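Trainee: Below is a structure I'd like to ask you about.
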Amino acid sequence: MTAELIDGKAIAKQLRRDLKQEVDELKSAHGITPGLAVVLVGSDPASEVYVRNKHRACEKAGIMTRDIRLDEDTSHEEVMQAVQQLNDDPLIHGILVQLPTPDQVDDEAIINAIDPNKDVDGFHPVSMGRLLAGQPGFVACTPKGIMHMLDTLDMDLTGKEAVVVGRSNIVGKPQALLLLERHCTVTICHSRTKDLAAHTSRADILVAAAGRAHMITADMIKPGATVIDVGINRMEDGSLAGDVDFEGAKEVAGAITPVPGGVGPMTIATLLRNTVDAAKATA
Ligand code: NAD
């Protein structure tokens, strides 16, 4: 292996340790305990795992969590009411609705109903608009966590060629904006991009967020590039794979994240970061 392994687990652990200190200070100086509410509609097994991991991480950092568990057949109006109650609750600083919700619930309307001051997932149009305008606000946890990871590498991002594969609202688009804000020259690739390899092979920083196992192979990577693998793909044997063919890519890249143990832990740690920031804003 020639590439440096970017250890998301270790970086996230340090971030959570720093947050614990901030939480302790917030409690002693202002009597505020950051509170995160998680709304889970139905019982999707993958969502259950995410929610459990989020809770464990919050508990360790001293953040109070509250679960709002609603049945699979809960109406859209009832979910809206649950969000409204959390908006009005002074003990709750961050609200997260686990997506996707069942069909009868309109995810977009639910996200739009969250108080932007409690939008710790950064999915509300106000948060996304602020990001686009270069104003401070909540930023989606995965891309924000990736920027934190890049910062630990001590690399000057200015003028670097950055290529983001994927254009979702939760990863690709905000990732591209964050890299642009740091003066990268940014290209966004997606499912209709012609000749993907022509773009990826120019990238000094390559972020793969397409949700296609092993689609980025070694020959698509510029030697020495920093490769961030966001993909989480469940393989037939039950194992997890990223969007990058790690075995080949690690021989070409300069630095690379593993899956699991790369971006995933950073996403959760950044959710805690956003929740603590939301609580601090009320001090
Ligand atoms: P999405 O399905 O909403 O978006 C995927 C994007 O990839 C789309 O914009 C699509 O145009 C693009 N795409 C699909 N096939 C492509 C192809 N062949 N070539 C180029 N582009 C292609 O997915 P998402 O929510 O953005 O998530 C992407 C991946 O990241 C998924 O595997 C998801 O599980 C994972 N993810 C991981 C974390 C984490 O914390 N590690 C967080 C969020 C998402």
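Labeling convention for the structure tokens: chains A, B, ... as they appear, residues from 1 per chain, ligands from 1 in order of appearance.
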So that I can see what lies close to Asp229 of chain A, please list as a PyMOL selection string the residues with an atom at most 8 Å from it, counting only C-alpha atoms and leaving out residues fewer than 3 positions away in the same chain.

Mentor: chain A and resi 207-209+242-244+256-259+262-263

Trainee: Write out the residues from the selection above, keeping C-alpha atoms, as a CSV table (one decimal), in the first residue's frame.

Mentor:
```
chain,number,residue,atom,x,y,z
A,207,VAL,CA,-15.1,12.4,-3.5
A,208,ALA,CA,-17.1,9.3,-4.6
A,209,ALA,CA,-20.7,9.5,-3.5
A,242,GLY,CA,-17.4,1.6,-0.8
A,243,ASP,CA,-17.7,3.2,-4.2
A,244,VAL,CA,-14.0,2.9,-4.7
A,256,ILE,CA,-7.6,7.3,1.0
A,257,THR,CA,-10.5,6.6,3.3
A,258,PRO,CA,-11.5,3.0,4.0
A,259,VAL,CA,-15.1,1.7,4.1
A,262,GLY,CA,-13.8,6.4,7.0
A,263,VAL,CA,-16.6,8.9,6.3
```

Trainee: Please identify all protein, DNA and RNA residues within 9 Å of ligand 1, counting only C-alpha atoms and all ligand atoms, and report them as number ranges by chain.

Mentor: A: 141-143, 145, 164-173, 188-194, 196, 208-213, 215, 229-234, 241-243, 259-268

Trainee: Excluding Leu153 of chain A and its own-chain neighbours fewer than 4 positions away, which residues fall within 10 Å of it when counting only C-alpha atoms? Please give them as a VMD selection string.

Mentor: chain A and resid 4 6 148 to 149 226 255

Trainee: Could you save those same residues with N, CA and C atoms as an mmCIF file, in the first residue's frame?

Mentor:
```cif
data_model
loop_
_atom_site.group_PDB
_atom_site.id
_atom_site.type_symbol
_atom_site.label_atom_id
_atom_site.label_comp_id
_atom_site.auth_asym_id
_atom_site.auth_seq_id
_atom_site.Cartn_x
_atom_site.Cartn_y
_atom_site.Cartn_z
ATOM 1 N N GLU A 4 -1.619 6.962 2.107
ATOM 2 C CA GLU A 4 -1.840 7.168 3.540
ATOM 3 C C GLU A 4 -3.306 6.820 3.834
ATOM 4 N N ILE A 6 -6.621 7.389 5.666
ATOM 5 C CA ILE A 6 -7.282 8.455 6.443
ATOM 6 C C ILE A 6 -8.224 7.763 7.428
ATOM 7 N N HIS A 148 -13.710 18.368 7.485
ATOM 8 C CA HIS A 148 -12.935 18.246 8.728
ATOM 9 C C HIS A 148 -11.797 17.229 8.531
ATOM 10 N N MET A 149 -12.130 16.134 7.869
ATOM 11 C CA MET A 149 -11.116 15.098 7.582
ATOM 12 C C MET A 149 -9.985 15.663 6.718
ATOM 13 N N THR A 226 -6.043 12.523 -3.340
ATOM 14 C CA THR A 226 -6.729 12.227 -2.081
ATOM 15 C C THR A 226 -8.113 11.699 -2.433
ATOM 16 N N ALA A 255 -3.671 9.493 -0.535
ATOM 17 C CA ALA A 255 -4.366 9.281 0.734
ATOM 18 C C ALA A 255 -5.753 8.764 0.406
#
```

Trainee: Which polymer residues have any atom within 9 Å of an atom of Val105 of chain A, counting only C-alpha atoms, with same-chain residues fewer than 6 positions away left out, as a ChimeraX atom specification?

Mentor: /A:74-77,79

Trainee: Among segment 133-280 of chain A, which residues carry a DSSP assignment of helix (DSSP H, G or I), reported as JSON, numbers by chain?

Mentor: {"A": [133, 141, 142, 143, 144, 145, 146, 147, 148, 149, 150, 151, 152, 172, 173, 174, 175, 176, 177, 178, 179, 180, 181, 196, 197, 198, 199, 200, 218, 219, 220, 246, 247, 248, 249, 263, 264, 265, 266, 267, 268, 269, 270, 271, 272, 273, 274, 275, 276, 277, 278, 279, 280]}

Trainee: List the spatial neighbours of segment 46-62 of chain A as a list of chain:residue names - criterion: any atom at most 9 Å away, only C-alpha atoms, same-chain residues fewer than 5 positions off excluded.

Mentor: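 Answer for this query is A:Arg16, A:Arg17, A:Asp18, A:Leu19, A:Lys20, A:Gln21, A:Val23, A:Asp24, A:Thr33, A:Pro34, A:Leu36, A:Val38, A:Leu40, A:Asp67, A:Gln98, A:Leu99, A:Pro100, A:Ile268, A:Ala269, A:Leu271, A:Leu272.
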
Trainee: Quick one: residues within 12 Å of Lys118 of chain A, only C-alpha atoms counted, chain neighbours fewer than 4 positions away excluded, as a count of residues only?

Mentor: 41

Trainee: Rank A:Ala140, A:Ile216, A:Leu132, A:Ala162 by their smallest atom-to-atom distance to Val120 of chain A, using only C-alpha atoms, and report the top residue only.

Mentor: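 Distance minimum relative to Val120 of chain A lands on A:Ala140.
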